[in-house]
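Asks: TSV, C-alpha atoms, saved as model.tsv, coming up:
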```
chain	number	residue	atom	x	y	z
A	1	MET	CA	-5.75	42.20	7.54
A	2	LYS	CA	-7.73	38.95	7.41
A	3	LYS	CA	-10.66	40.73	9.03
A	4	GLU	CA	-10.40	43.45	6.45
A	5	THR	CA	-10.55	41.03	3.53
A	6	ARG	CA	-13.63	39.40	5.01
A	7	GLU	CA	-15.38	42.76	5.27
A	8	ARG	CA	-14.35	43.71	1.75
A	9	LEU	CA	-15.80	40.43	0.49
A	10	ILE	CA	-19.09	41.11	2.23
A	11	ASP	CA	-19.22	44.70	0.96
A	12	SER	CA	-18.53	43.64	-2.60
A	13	ALA	CA	-20.97	40.71	-2.45
A	14	PHE	CA	-23.65	42.97	-0.97
A	15	ALA	CA	-23.27	45.47	-3.83
A	16	ILE	CA	-23.17	42.82	-6.55
A	17	PHE	CA	-26.04	40.72	-5.17
A	18	TYR	CA	-28.03	43.96	-4.69
A	19	LYS	CA	-27.69	44.90	-8.33
A	20	GLN	CA	-27.73	41.50	-10.06
A	21	GLY	CA	-29.56	39.29	-7.61
A	22	TYR	CA	-28.00	36.47	-5.61
A	23	GLN	CA	-28.60	33.78	-8.20
A	24	GLY	CA	-27.70	36.02	-11.12
A	25	ALA	CA	-24.37	37.08	-9.62
A	26	ASN	CA	-21.14	35.29	-10.30
A	27	ILE	CA	-18.56	34.65	-7.58
A	28	ALA	CA	-15.83	35.45	-10.14
A	29	THR	CA	-17.15	39.03	-10.37
A	30	ILE	CA	-16.84	39.43	-6.60
A	31	LEU	CA	-13.33	37.92	-6.52
A	32	GLN	CA	-12.25	40.27	-9.31
A	33	ASP	CA	-13.79	43.23	-7.50
A	34	VAL	CA	-12.02	42.42	-4.22
A	35	ASN	CA	-8.92	41.32	-6.12
A	36	ILE	CA	-8.41	37.99	-4.38
A	37	ASN	CA	-8.48	34.41	-5.62
A	38	LYS	CA	-10.96	31.66	-4.85
A	39	GLY	CA	-8.67	30.07	-2.27
A	40	SER	CA	-8.53	33.28	-0.25
A	41	MET	CA	-12.29	33.57	-0.33
A	42	TYR	CA	-12.73	29.99	0.86
A	43	HIS	CA	-10.64	30.89	3.87
A	44	PHE	CA	-13.57	33.08	4.96
A	45	PHE	CA	-16.57	31.61	3.16
A	46	LYS	CA	-16.81	27.99	2.11
A	47	SER	CA	-19.41	28.70	-0.56
A	48	LYS	CA	-21.40	31.38	-2.38
A	49	LYS	CA	-24.28	30.52	-0.05
A	50	GLU	CA	-22.20	31.13	3.08
A	51	LEU	CA	-21.22	34.52	1.64
A	52	GLY	CA	-24.85	35.27	0.75
A	53	LEU	CA	-26.03	34.42	4.26
A	54	ALA	CA	-23.33	36.69	5.72
A	55	VAL	CA	-24.46	39.52	3.44
A	56	VAL	CA	-28.00	39.27	4.87
A	57	ASP	CA	-27.00	38.54	8.45
A	58	GLU	CA	-24.24	41.12	8.72
A	59	ARG	CA	-24.60	43.80	6.06
A	60	ILE	CA	-28.35	44.08	5.38
A	61	ARG	CA	-29.11	43.72	9.09
A	62	LYS	CA	-26.41	46.23	10.08
A	63	ASN	CA	-27.56	48.82	7.55
A	64	ILE	CA	-31.11	48.70	8.92
A	65	ILE	CA	-30.09	48.76	12.58
A	66	THR	CA	-27.54	51.56	12.11
A	67	LYS	CA	-29.97	53.71	10.16
A	68	TYR	CA	-32.91	53.38	12.54
A	69	GLN	CA	-31.14	53.17	15.90
A	70	ALA	CA	-29.66	56.60	15.27
A	71	VAL	CA	-33.21	57.99	15.23
A	72	LEU	CA	-33.54	57.16	18.93
A	73	GLU	CA	-30.97	59.88	19.73
A	74	ASN	CA	-33.21	62.47	18.12
A	75	ASN	CA	-35.68	64.52	20.14
A	76	ARG	CA	-38.32	64.27	17.40
A	77	PRO	CA	-37.96	60.60	16.50
A	78	TYR	CA	-41.29	60.24	14.67
A	79	MET	CA	-40.62	63.18	12.39
A	80	THR	CA	-37.04	62.00	11.83
A	81	LEU	CA	-38.18	58.47	11.00
A	82	PHE	CA	-40.41	59.77	8.22
A	83	GLU	CA	-37.67	62.04	6.90
A	84	ILE	CA	-35.53	58.94	6.55
A	85	LEU	CA	-38.29	56.97	4.84
A	86	ARG	CA	-38.89	59.90	2.49
A	87	SER	CA	-35.20	59.99	1.53
A	88	SER	CA	-34.91	56.22	0.91
A	89	PRO	CA	-35.08	56.38	-2.90
A	90	ASP	CA	-31.86	58.47	-2.84
A	91	THR	CA	-29.84	55.66	-1.29
A	92	LEU	CA	-31.80	52.49	-2.08
A	93	ILE	CA	-31.25	52.91	-5.80
A	94	TYR	CA	-32.24	49.35	-6.73
A	95	GLY	CA	-35.02	48.99	-4.16
A	96	CYS	CA	-35.08	47.65	-0.60
A	97	PRO	CA	-32.24	45.12	-0.17
A	98	LEU	CA	-34.28	43.11	2.37
A	99	ASN	CA	-37.29	42.94	0.06
A	100	LYS	CA	-35.14	42.07	-2.97
A	101	MET	CA	-33.34	39.21	-1.26
A	102	SER	CA	-36.61	38.02	0.33
A	103	GLN	CA	-38.50	37.92	-2.97
A	104	GLU	CA	-35.67	35.91	-4.47
A	105	MET	CA	-34.60	33.52	-1.73
A	106	LEU	CA	-37.41	32.97	0.81
A	107	TYR	CA	-38.76	29.84	-0.87
A	108	ILE	CA	-35.54	28.63	-2.41
A	109	ASP	CA	-33.46	28.10	0.71
A	110	LYS	CA	-34.50	27.52	4.31
A	111	GLU	CA	-31.36	29.12	5.79
A	112	PHE	CA	-31.92	32.28	3.77
A	113	LYS	CA	-35.51	32.29	4.97
A	114	ASN	CA	-34.44	32.06	8.61
A	115	VAL	CA	-31.92	34.88	8.44
A	116	LEU	CA	-34.21	37.12	6.34
A	117	THR	CA	-37.03	36.61	8.86
A	118	SER	CA	-34.69	37.48	11.70
A	119	VAL	CA	-33.54	40.68	9.93
A	120	TYR	CA	-37.16	41.64	9.33
A	121	GLN	CA	-37.88	41.16	13.05
A	122	ASP	CA	-35.00	43.50	13.88
A	123	PHE	CA	-36.41	46.03	11.42
A	124	GLU	CA	-39.83	45.84	13.07
A	125	SER	CA	-38.26	46.19	16.52
A	126	CYS	CA	-36.27	49.25	15.42
A	127	ILE	CA	-39.41	50.98	14.16
A	128	ALA	CA	-41.39	49.95	17.26
A	129	ASN	CA	-38.61	51.37	19.48
A	130	ILE	CA	-38.78	54.68	17.62
A	131	LEU	CA	-42.54	54.78	18.17
A	132	GLU	CA	-42.07	53.99	21.90
A	133	LYS	CA	-39.62	56.86	22.16
A	134	ALA	CA	-41.98	59.18	20.27
A	135	ILE	CA	-44.77	58.27	22.72
A	136	THR	CA	-42.49	58.83	25.73
A	137	LEU	CA	-41.51	62.24	24.37
A	138	GLY	CA	-45.16	63.12	23.71
A	139	GLU	CA	-44.56	63.43	19.99
A	140	ILE	CA	-47.35	60.95	19.14
A	141	ASP	CA	-50.30	59.48	21.02
A	142	ASN	CA	-50.11	56.13	22.70
A	143	CYS	CA	-50.62	53.13	20.38
A	144	ASP	CA	-49.71	49.49	19.90
A	145	THR	CA	-46.19	50.20	18.65
A	146	GLN	CA	-45.65	46.73	17.15
A	147	VAL	CA	-48.86	46.90	15.11
A	148	ARG	CA	-48.13	50.45	14.02
A	149	ALA	CA	-44.54	49.55	13.11
A	150	ARG	CA	-45.87	46.79	10.86
A	151	LEU	CA	-48.28	49.20	9.14
A	152	ILE	CA	-45.49	51.69	8.53
A	153	ILE	CA	-43.11	49.05	7.17
A	154	ALA	CA	-45.83	47.57	4.93
A	155	GLY	CA	-46.73	50.96	3.45
A	156	TYR	CA	-43.08	51.94	3.10
A	157	GLU	CA	-41.99	48.73	1.38
A	158	GLY	CA	-44.92	48.89	-1.03
A	159	ALA	CA	-44.30	52.57	-1.73
A	160	LEU	CA	-40.68	51.80	-2.53
A	161	MET	CA	-41.71	48.98	-4.87
A	162	ILE	CA	-44.08	51.36	-6.69
A	163	TYR	CA	-41.44	54.10	-6.82
A	164	HIS	CA	-39.02	51.78	-8.58
A	165	LEU	CA	-41.74	50.88	-11.07
A	166	ASN	CA	-43.02	54.36	-11.89
A	167	GLN	CA	-40.05	56.57	-10.84
A	168	ASN	CA	-42.49	59.19	-9.56
A	169	ARG	CA	-40.97	60.80	-6.48
A	170	ASN	CA	-43.96	63.04	-5.75
A	171	GLN	CA	-46.25	60.02	-5.65
A	172	TYR	CA	-43.76	58.21	-3.39
A	173	ASN	CA	-43.64	61.17	-1.01
A	174	ALA	CA	-47.43	61.33	-0.95
A	175	VAL	CA	-47.68	57.69	0.18
A	176	ILE	CA	-45.06	58.25	2.90
A	177	ASP	CA	-46.83	61.42	4.07
A	178	ALA	CA	-50.16	59.58	4.18
A	179	LEU	CA	-48.55	56.84	6.28
A	180	LYS	CA	-47.19	59.47	8.64
A	181	GLU	CA	-50.50	61.24	9.08
A	182	GLN	CA	-53.16	58.60	8.75
A	183	LEU	CA	-51.84	55.54	10.50
B	1	MET	CA	-52.57	23.22	-31.36
B	2	LYS	CA	-49.71	25.69	-31.89
B	3	LYS	CA	-51.58	28.23	-29.81
B	4	GLU	CA	-52.01	25.64	-27.12
B	5	THR	CA	-48.28	24.87	-26.93
B	6	ARG	CA	-47.50	28.57	-26.65
B	7	GLU	CA	-49.93	28.91	-23.74
B	8	ARG	CA	-48.53	25.82	-22.05
B	9	LEU	CA	-45.02	27.27	-22.38
B	10	ILE	CA	-46.13	30.52	-20.75
B	11	ASP	CA	-48.00	28.69	-17.98
B	12	SER	CA	-45.02	26.50	-17.21
B	13	ALA	CA	-42.53	29.38	-17.40
B	14	PHE	CA	-44.74	31.49	-15.14
B	15	ALA	CA	-44.85	28.74	-12.50
B	16	ILE	CA	-41.13	27.98	-12.69
B	17	PHE	CA	-39.99	31.62	-12.75
B	18	TYR	CA	-42.40	32.33	-9.87
B	19	LYS	CA	-40.82	29.68	-7.68
B	20	GLN	CA	-37.16	29.83	-8.74
B	21	GLY	CA	-36.77	33.35	-10.07
B	22	TYR	CA	-36.20	34.23	-13.73
B	23	GLN	CA	-32.41	34.08	-13.56
B	24	GLY	CA	-32.38	31.01	-11.35
B	25	ALA	CA	-34.67	29.02	-13.63
B	26	ASN	CA	-33.41	26.79	-16.40
B	27	ILE	CA	-35.09	26.62	-19.80
B	28	ALA	CA	-34.49	22.85	-19.78
B	29	THR	CA	-36.80	22.53	-16.76
B	30	ILE	CA	-39.57	24.31	-18.66
B	31	LEU	CA	-39.06	22.22	-21.80
B	32	GLN	CA	-39.20	19.05	-19.72
B	33	ASP	CA	-42.33	20.28	-17.96
B	34	VAL	CA	-44.12	21.08	-21.23
B	35	ASN	CA	-42.57	18.01	-22.87
B	36	ILE	CA	-41.27	19.71	-26.00
B	37	ASN	CA	-37.79	20.24	-27.39
B	38	LYS	CA	-35.81	23.44	-27.76
B	39	GLY	CA	-36.64	23.73	-31.46
B	40	SER	CA	-40.37	23.74	-30.74
B	41	MET	CA	-39.94	26.41	-28.12
B	42	TYR	CA	-37.94	28.61	-30.51
B	43	HIS	CA	-40.90	28.46	-32.87
B	44	PHE	CA	-42.77	30.56	-30.30
B	45	PHE	CA	-40.02	32.28	-28.29
B	46	LYS	CA	-36.59	33.03	-29.68
B	47	SER	CA	-34.99	33.23	-26.24
B	48	LYS	CA	-35.51	32.80	-22.50
B	49	LYS	CA	-35.89	36.57	-22.35
B	50	GLU	CA	-38.70	36.61	-24.91
B	51	LEU	CA	-40.48	33.95	-22.87
B	52	GLY	CA	-39.88	35.92	-19.67
B	53	LEU	CA	-41.31	39.09	-21.18
B	54	ALA	CA	-44.38	37.14	-22.36
B	55	VAL	CA	-44.87	35.76	-18.84
B	56	VAL	CA	-45.02	39.31	-17.45
B	57	ASP	CA	-46.94	40.86	-20.34
B	58	GLU	CA	-49.49	38.11	-20.77
B	59	ARG	CA	-49.73	35.95	-17.65
B	60	ILE	CA	-48.91	38.28	-14.73
B	61	ARG	CA	-50.91	41.09	-16.34
B	62	LYS	CA	-53.85	38.80	-17.13
B	63	ASN	CA	-53.96	37.36	-13.62
B	64	ILE	CA	-54.20	40.85	-12.13
B	65	ILE	CA	-56.77	42.18	-14.61
B	66	THR	CA	-58.96	39.07	-14.40
B	67	LYS	CA	-58.93	39.08	-10.61
B	68	TYR	CA	-59.76	42.76	-10.13
B	69	GLN	CA	-62.03	43.42	-13.10
B	70	ALA	CA	-64.44	40.81	-11.76
B	71	VAL	CA	-64.87	42.99	-8.67
B	72	LEU	CA	-66.60	45.64	-10.83
B	73	GLU	CA	-69.54	43.25	-11.31
B	74	ASN	CA	-70.09	43.17	-7.57
B	75	ASN	CA	-72.51	45.52	-5.86
B	76	ARG	CA	-70.16	46.00	-2.92
B	77	PRO	CA	-66.88	46.43	-4.79
B	78	TYR	CA	-64.90	48.01	-1.93
B	79	MET	CA	-65.76	45.22	0.49
B	80	THR	CA	-65.09	42.61	-2.19
B	81	LEU	CA	-61.71	44.14	-3.05
B	82	PHE	CA	-60.56	43.81	0.53
B	83	GLU	CA	-61.86	40.25	0.75
B	84	ILE	CA	-59.65	39.45	-2.24
B	85	LEU	CA	-56.63	41.19	-0.71
B	86	ARG	CA	-57.23	39.33	2.54
B	87	SER	CA	-57.27	35.99	0.74
B	88	SER	CA	-54.10	36.65	-1.30
B	89	PRO	CA	-51.75	34.55	0.84
B	90	ASP	CA	-53.87	31.47	-0.04
B	91	THR	CA	-53.08	31.77	-3.74
B	92	LEU	CA	-49.87	33.84	-3.90
B	93	ILE	CA	-47.89	31.15	-2.12
B	94	TYR	CA	-44.47	32.54	-3.04
B	95	GLY	CA	-45.39	36.21	-2.77
B	96	CYS	CA	-46.67	38.73	-5.32
B	97	PRO	CA	-45.50	37.69	-8.83
B	98	LEU	CA	-45.29	41.33	-9.96
B	99	ASN	CA	-43.20	42.32	-6.94
B	100	LYS	CA	-40.94	39.27	-7.30
B	101	MET	CA	-40.19	39.84	-10.96
B	102	SER	CA	-39.78	43.59	-10.35
B	103	GLN	CA	-37.29	43.14	-7.51
B	104	GLU	CA	-35.27	40.81	-9.69
B	105	MET	CA	-35.41	42.37	-13.15
B	106	LEU	CA	-36.17	46.12	-12.98
B	107	TYR	CA	-32.54	47.20	-13.04
B	108	ILE	CA	-31.15	44.29	-15.00
B	109	ASP	CA	-33.08	44.70	-18.24
B	110	LYS	CA	-34.80	47.73	-19.73
B	111	GLU	CA	-37.44	45.71	-21.60
B	112	PHE	CA	-38.45	43.93	-18.40
B	113	LYS	CA	-38.64	47.32	-16.69
B	114	ASN	CA	-40.99	48.66	-19.37
B	115	VAL	CA	-43.39	45.75	-19.27
B	116	LEU	CA	-43.35	45.53	-15.46
B	117	THR	CA	-44.13	49.26	-15.23
B	118	SER	CA	-46.99	48.84	-17.69
B	119	VAL	CA	-48.43	45.91	-15.69
B	120	TYR	CA	-48.19	47.98	-12.50
B	121	GLN	CA	-50.10	50.80	-14.21
B	122	ASP	CA	-52.85	48.34	-15.15
B	123	PHE	CA	-52.95	47.15	-11.54
B	124	GLU	CA	-53.31	50.74	-10.29
B	125	SER	CA	-56.06	51.43	-12.87
B	126	CYS	CA	-57.95	48.28	-11.83
B	127	ILE	CA	-57.95	49.35	-8.18
B	128	ALA	CA	-58.85	52.95	-9.07
B	129	ASN	CA	-61.78	51.67	-11.18
B	130	ILE	CA	-63.03	49.64	-8.23
B	131	LEU	CA	-62.86	52.75	-6.04
B	132	GLU	CA	-64.73	54.79	-8.69
B	133	LYS	CA	-67.44	52.15	-8.74
B	134	ALA	CA	-67.60	52.09	-4.93
B	135	ILE	CA	-68.03	55.88	-4.93
B	136	THR	CA	-70.74	55.71	-7.59
B	137	LEU	CA	-72.60	53.07	-5.58
B	138	GLY	CA	-72.25	55.15	-2.41
B	139	GLU	CA	-70.18	52.45	-0.72
B	140	ILE	CA	-67.34	54.87	0.10
B	141	ASP	CA	-66.97	58.65	0.18
B	142	ASN	CA	-65.54	60.57	-2.73
B	143	CYS	CA	-61.74	60.62	-2.92
B	144	ASP	CA	-58.84	60.87	-5.36
B	145	THR	CA	-59.14	57.28	-6.57
B	146	GLN	CA	-55.66	57.15	-8.14
B	147	VAL	CA	-53.96	58.32	-4.94
B	148	ARG	CA	-56.04	56.00	-2.84
B	149	ALA	CA	-55.36	53.07	-5.18
B	150	ARG	CA	-51.63	53.68	-4.76
B	151	LEU	CA	-51.95	53.72	-0.97
B	152	ILE	CA	-53.88	50.46	-0.99
B	153	ILE	CA	-51.41	48.76	-3.34
B	154	ALA	CA	-48.43	50.00	-1.30
B	155	GLY	CA	-49.87	48.70	1.97
B	156	TYR	CA	-50.98	45.44	0.38
B	157	GLU	CA	-47.63	44.71	-1.30
B	158	GLY	CA	-45.74	45.46	1.90
B	159	ALA	CA	-48.15	43.39	3.98
B	160	LEU	CA	-47.64	40.46	1.62
B	161	MET	CA	-43.86	40.83	1.86
B	162	ILE	CA	-44.10	40.78	5.67
B	163	TYR	CA	-46.49	37.82	5.62
B	164	HIS	CA	-44.02	35.76	3.63
B	165	LEU	CA	-41.30	36.66	6.13
B	166	ASN	CA	-43.20	36.02	9.36
B	167	GLN	CA	-46.00	33.68	8.17
B	168	ASN	CA	-48.38	35.37	10.59
B	169	ARG	CA	-51.81	35.45	8.97
B	170	ASN	CA	-53.48	37.38	11.81
B	171	GLN	CA	-50.91	40.16	11.49
B	172	TYR	CA	-51.40	40.18	7.72
B	173	ASN	CA	-55.17	40.48	8.11
B	174	ALA	CA	-54.73	43.30	10.61
B	175	VAL	CA	-52.68	45.33	8.11
B	176	ILE	CA	-55.26	44.74	5.35
B	177	ASP	CA	-58.12	45.68	7.71
B	178	ALA	CA	-56.27	48.85	8.73
B	179	LEU	CA	-55.82	49.76	5.06
B	180	LYS	CA	-59.53	49.21	4.50
B	181	GLU	CA	-60.60	51.36	7.42
B	182	GLN	CA	-57.99	54.04	7.77
B	183	LEU	CA	-57.07	55.07	4.28
```
Go ahead and render the structure in this file as structure tokens.

Replies:
Amino acid sequence: MKKETRERLIDSAFAIFYKQGYQGANIATILQDVNINKGSMYHFFKSKKELGLAVVDERIRKNIITKYQAVLENNRPYMTLFEILRSSPDTLIYGCPLNKMSQEMLYIDKEFKNVLTSVYQDFESCIANILEKAITLGEIDNCDTQVRARLIIAGYEGALMIYHLNQNRNQYNAVIDALKEQL
Amino acid sequence: MKKETRERLIDSAFAIFYKQGYQGANIATILQDVNINKGSMYHFFKSKKELGLAVVDERIRKNIITKYQAVLENNRPYMTLFEILRSSPDTLIYGCPLNKMSQEMLYIDKEFKNVLTSVYQDFESCIANILEKAITLGEIDNCDTQVRARLIIAGYEGALMIYHLNQNRNQYNAVIDALKEQL
């Protein structure tokens, strides 16, 4: 039960920080959403910051790892990876959670910076692992998978930023397709 | 003199919002920085929001247009564009101001969304104009300059996000060089 409350707090905080920003969000909104009082929250998280760090470390990291590790089970991992990237605007309705939190918190708090950097490294490793698998399966030619992963993530993150600015899905798809074919 | 105070307010607000985020920043900090009182500010901006919109519409837009329009005077615009993109981490010490404000405000306030979208469109036009010029001068082959501008901006924005997460300048340069050569 205690475990469950902790997870519910993280889920609620993730959703509220994602929409309103970490600094813009109010702890009272999260407590109301989870329907607990401040004392119960402090049992799990001593501060808003501790909750924010858990959101990045546990939820944002987990979402990325879960999404991209599943691709490794696929027998066309490269194609599957780009299908996922193409579908991102459907689920990431306010943009990339990692990018959002990074833009806001990287230079405000050292602990946020450390955990955000570590989540990014996991993201890069996930994509590099998919590329390794795609090479092993003969789906793509040999390449420096770390460098290529970085190029894909850069193009993808920028494409997602642009999509949220211009809401043009065809243009978004065109950038993702170009990344798939040209890099 | 009145004009000057208005500009100083925008400069200060730009710097403070850039570092702390729009929601995280306090108007009192800006007033202290510019050394005026609230009444004087309200002569120019009726609210924090009005000041925030002016920062995007006037300062963030101007910085982008000034930086990239100058490239058109150059006789190797494509090369010069990529020199500028390569040097971005030296000046954009907290990341891309347009991306930061977009990640924070796009889905919080419709007026911010409108002005951010309009600044992005100017950014895309600036880059497309540089590509047009580069084609005219025979520096690069003919291409759909709008599509190519979008690809360059996507890769650049993502590369800058990654740079601020991993602080690896060589990796940043490698992404920019790949954008220059492969797109």

Asks: Got a sec to pull out which chain B residues are within 7 Å of chain A, counting all atoms listed in the file, and send them as a PyMOL selection string?

Replies: chain B and resi 20-21+23-24+94+100+103-104+107-108+117+151+153-155+157-159+165-166+175+182-183

Asks: For Asp33 in chain B, list every protein, DNA or RNA residue within 12 Å, evaluated using all atoms listed in the file, and leave out those in the same chain fewer than 6 positions away; present the list as an mmCIF file with C-alpha atoms, in the frame of the given file.

Replies:
```cif
data_model
loop_
_atom_site.group_PDB
_atom_site.id
_atom_site.type_symbol
_atom_site.label_atom_id
_atom_site.label_comp_id
_atom_site.auth_asym_id
_atom_site.auth_seq_id
_atom_site.Cartn_x
_atom_site.Cartn_y
_atom_site.Cartn_z
ATOM 1 C CA THR B 5 -48.280 24.870 -26.930
ATOM 2 C CA ARG B 8 -48.530 25.820 -22.050
ATOM 3 C CA LEU B 9 -45.020 27.270 -22.380
ATOM 4 C CA ILE B 10 -46.130 30.520 -20.750
ATOM 5 C CA ASP B 11 -48.000 28.690 -17.980
ATOM 6 C CA SER B 12 -45.020 26.500 -17.210
ATOM 7 C CA ALA B 13 -42.530 29.380 -17.400
ATOM 8 C CA PHE B 14 -44.740 31.490 -15.140
ATOM 9 C CA ALA B 15 -44.850 28.740 -12.500
ATOM 10 C CA ILE B 16 -41.130 27.980 -12.690
ATOM 11 C CA ASN B 26 -33.410 26.790 -16.400
ATOM 12 C CA ILE B 27 -35.090 26.620 -19.800
#
```

Asks: With a distance cut-off of 7 Å and only C-alpha atoms, select the neighbouring residues of range 72-81 of chain A, excluding the residue or stretch itself and same-chain residues fewer than 4 positions from it, and output the selection as a list in words.

Replies: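 Counting only the stated atoms, we get Leu85, Ile130, Leu131, Lys133, Ala134 and Glu139 of chain A.
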
Asks: Between CA of Glu58 in chain A and CA of Ser40 in chain A, what distance in Å does the model show, to one decimal?

Replies: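 Separation between CA of Glu58 in chain A and CA of Ser40 in chain A: 19.7 Å.
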